[in-house]
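Engineer: Attaching a single structure in structure tokens format; questions to follow.
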Amino acid sequence: MGSIVAQRTFDIGDQRAFAQLSGDVNPLHMDPALARRSQTGDVVVHGMHIALWALDVLCRKSPGLHVNSFRACFTSPLRINERADLKIVSQSSHETKVDIEAAGAVVCELALSSVVDPLATPLADAVTAKPENRDKPVELLPEQLPSRRGAVSLAESDACIAAFPALCTTIGAPRVAGLIGTTRVVGMECPGLFSLYSKIGATFHGDDAGNRLRFAVARYDSRFRCARIEVAGAGVRASLEAFLRLPPIAQPTMREVAERVRPDVFAGQRVLIVGGSRGLGEATAKIIAAGGGVPMVTYARGRTDAQRVAEDICSWGAICTIAPYDARAPAQPQLGFIEAPPASLYYFATGPIFARAASPYDPDALHEFMTIYVEGFATLCATMPRPPSGRMRAFYPSTAALDSWVRGFGEYAMAKAAGELLCRHLERSLPGLSIVVKRLPRVLTDLTATVIPADAETAIDVMIPIVAETQHAL
Amino acid sequence: MDLLIKVFADTLGVDPATLSDDSSPDNTVRWDSLRSMHLVAAIEDAFSTELSTAEIMRMRSIGLARSVLRKKGVLDI
């Protein structure tokens, strides 16, 4: 693989600047609270921003470069504050291929060519709609995508030149504006709110004056919720590929959960649920509440989601409290919210669990998982106030990835294996503590909701028997 | 060249000589979930066929993809 020719770290200021330039203010790129409910689990850099940065670098380093067509594939998300390395993969008289990598994994593959690609965009050419300039992304249903078409306004040339000067010199500022406009098409219009921009093939020809980019869906594959979108305008013709991501995974309501839990089975039991604002933690809180128990739900970043869970539980007639808790930080100073010590603890603290499969072992990823799954659990168990009985029951979620190897889950599984050993150690070291450890299957949550179909169980089905077992021993 | 291997090599952007019927997402670096979707589209185009979700889920290696295509009656595989 080629050597690194440029590096860059995109921060939140870069995100805001590119969002202002492009008009793509999709929360996946801008809002940490909403982005955490996506599979990436965090704010990610606009794919087109990465590609344009790389193109600008290449044009600056090779002033005579002829660029008449361009392809990019955004293979993996680049998180903010993560370093991107630009590497030349191959160069010939007519084509340059580069990879942009983060932590050794390719996040964007890019090829620029001097050859004009005879790409036709008849559907986009026929669009006559005026540009939409919405300040929030449209939210579309899958059935709305096949007929989706329209137009977006483009960035001013001066702003494009300021952002990508060498690229503007090489292909012209209007075409750069056209490329920038593709992220607005995907992120704001089509598919909009739950979009994932994955691929572009673009060719540059014609003057095509006008400060707008027309778009039309040419094909929609419902198997993958994937749209191929034609765009045309500003001397750019392009075919885009974008996915309609699954929205955040909603857990059953209290009313629905209550139909599956005996009303008094956990009567009066106080339970601390670390990471209870969604997914498995939310399901657990509702199961406890439905059985007459009193869940205390903590959140790290998802205050709004935790409030939603508590409101659902309380409006049903049960009690639920919420409090902030960061599993990466020391436990003791954060436990002031506990008024009466709980008799049981459920530990669902987590970060994003899909790692890039770049190398067999990523020490930084392992460290991150160990901080949450091992250190965080150990310090919490050691410092949590005990009820008068002195006995406390805990549930530690391990993973079925320990039983069968799953690509990209190596460091996650390693940390969970250490967590299992930790649980045995804690039981022997901390009197009165007993821990239920289960290797959970893939459960459908925000973090596992991939656009490629995968077998997954529901959080409520998985947690009902586990909660029964954990609480039963009290 | 074996057309199926060529389709995989072109889509994954790797040397066809590095691929075999044993190649799978577990041992092929660029074969990630996004590429799996691109592979489906490339296979459908190359062999003028359409794959069901169940068939796609079975194609966990090039050899298994070949098996699926044979069962669908695609010739020259």
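Following the order of the structure tokens, chains are lettered A, B, ..., residues in each are numbered from 1, and ligands are numbered from 1.
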Residues of chain B within 7 Å of chain A, using only C-alpha atoms, as a ChimeraX atom specification?
Structural biologist: /B:26,33-34,53
Engineer: Export, as a compact mmCIF listing (two decimals), in the first residue's frame, the selected residues with N, CA and C atoms.
Structural biologist:
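Heads up, here's the output in part-v8.txt:
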```
# COMPACT_ATOMS: atom_id res chain seq x y z
N ASP B 26 -14.68 -13.36 6.08
CA ASP B 26 -13.79 -13.61 7.22
C ASP B 26 -12.31 -13.59 6.85
N SER B 33 -19.59 -5.26 4.92
CA SER B 33 -21.04 -5.33 4.71
C SER B 33 -21.48 -4.47 3.52
N LEU B 34 -20.84 -3.31 3.35
CA LEU B 34 -21.20 -2.47 2.21
C LEU B 34 -20.85 -3.17 0.90
N THR B 53 -33.50 -12.41 -0.60
CA THR B 53 -32.78 -12.13 0.64
C THR B 53 -32.18 -13.42 1.21
```
Engineer: If you count only C-alpha atoms, which residues fall within 12 Å of Arg58 in chain B, apart from same-chain ones fewer than 6 positions away, as a ChimeraX atom specification?
Structural biologist: /A:453-454 /B:24,36,40,51-52,64-69
Engineer: Between CA of Asp11 in chain A and CA of Ile80 in chain A, what is the distance, to one decimal in Å?
Structural biologist: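 CA of Asp11 in chain A sits 5.3 Å away from CA of Ile80 in chain A.
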Engineer: Once DSSP has gone over the backbone, tell me which residues of chain B are in alpha helix (DSSP H), as a PyMOL selection string.
Structural biologist: chain B and resi 3-12+33-47+53-58+62-71
Engineer: Taking 5 positions as the minimum chain separation for residues in the same chain, which residues sit within 9 Å of range 255-262 of chain A when counting only C-alpha atoms? Answer as a list in words.
Structural biologist: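 Selected residues are Ala283, Lys286, Ile287, Ile288, Ala289, Ala290, Gly291, Gly292, Asp312, Ile313, Trp316, Ile460 and Ile464 of chain A.
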Engineer: Would you put the residues from that selection into a file with C-alpha atoms, as a PDB file, in the first residue's frame?
Structural biologist:
```pdb
ATOM      1  CA  ALA A 283     -36.262  -2.947  28.173  1.00  0.00           C
ATOM      2  CA  LYS A 286     -39.700  -1.440  31.895  1.00  0.00           C
ATOM      3  CA  ILE A 287     -39.677  -5.108  32.888  1.00  0.00           C
ATOM      4  CA  ILE A 288     -38.679  -4.178  36.454  1.00  0.00           C
ATOM      5  CA  ALA A 289     -41.312  -1.440  36.624  1.00  0.00           C
ATOM      6  CA  ALA A 290     -44.002  -3.700  35.163  1.00  0.00           C
ATOM      7  CA  GLY A 291     -43.254  -6.196  37.926  1.00  0.00           C
ATOM      8  CA  GLY A 292     -43.691  -3.594  40.650  1.00  0.00           C
ATOM      9  CA  ASP A 312     -43.439   6.182  29.829  1.00  0.00           C
ATOM     10  CA  ILE A 313     -42.952   4.230  33.066  1.00  0.00           C
ATOM     11  CA  TRP A 316     -48.205   3.990  33.330  1.00  0.00           C
ATOM     12  CA  ILE A 460     -37.536  -7.576  25.535  1.00  0.00           C
ATOM     13  CA  ILE A 464     -37.502 -11.066  30.451  1.00  0.00           C
TER      14      ILE A 464
END
```
Engineer: Leaving out Lys136 in chain A and any residue of its chain fewer than 4 positions from it, which residues lie within 12 Å of it when counting only C-alpha atoms, given as a PyMOL selection string?
Structural biologist: chain A and resi 19+23-28+30+132+184+187-189+192-194
Engineer: Could you pull out the strand (DSSP E) residues of range 218-247 of chain A, going by DSSP on the backbone, and write them as number ranges by chain?
Structural biologist: A: 218-221, 226-233, 236-244
Engineer: Using only C-alpha atoms, which residues sit within 10 Å of range 420-428 of chain A once same-chain residues fewer than 5 positions away are excluded, as an MDAnalysis selection string?
Structural biologist: chainID A and resid 373:375 377:378 381:382 393:399 414:415 433:439
Engineer: Hey, can you check how far CA of Val176 in chain A sits from CA of Thr9 in chain A?
Structural biologist: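 Spanning CA of Val176 in chain A to CA of Thr9 in chain A is a straight-line distance of 21.4 Å.
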Engineer: Please provide the set of residues having any atom within 7 Å of Ala331 in chain A, restricted to only C-alpha atoms, with same-chain residues fewer than 2 positions apart removed, written as a list in words.
Structural biologist: Ala329, Pro333, Gln334, Leu335, Thr379, Leu380 and Thr383 of chain A
Engineer: Fewer than 5 positions away in the same chain doesn't count, so skip those; otherwise give me all residues within 12 Å of Ala159 in chain A, counting only C-alpha atoms, as a ChimeraX atom specification.
Structural biologist: /A:17-18,20-22,154,164-165,168,173-174,176-177,180
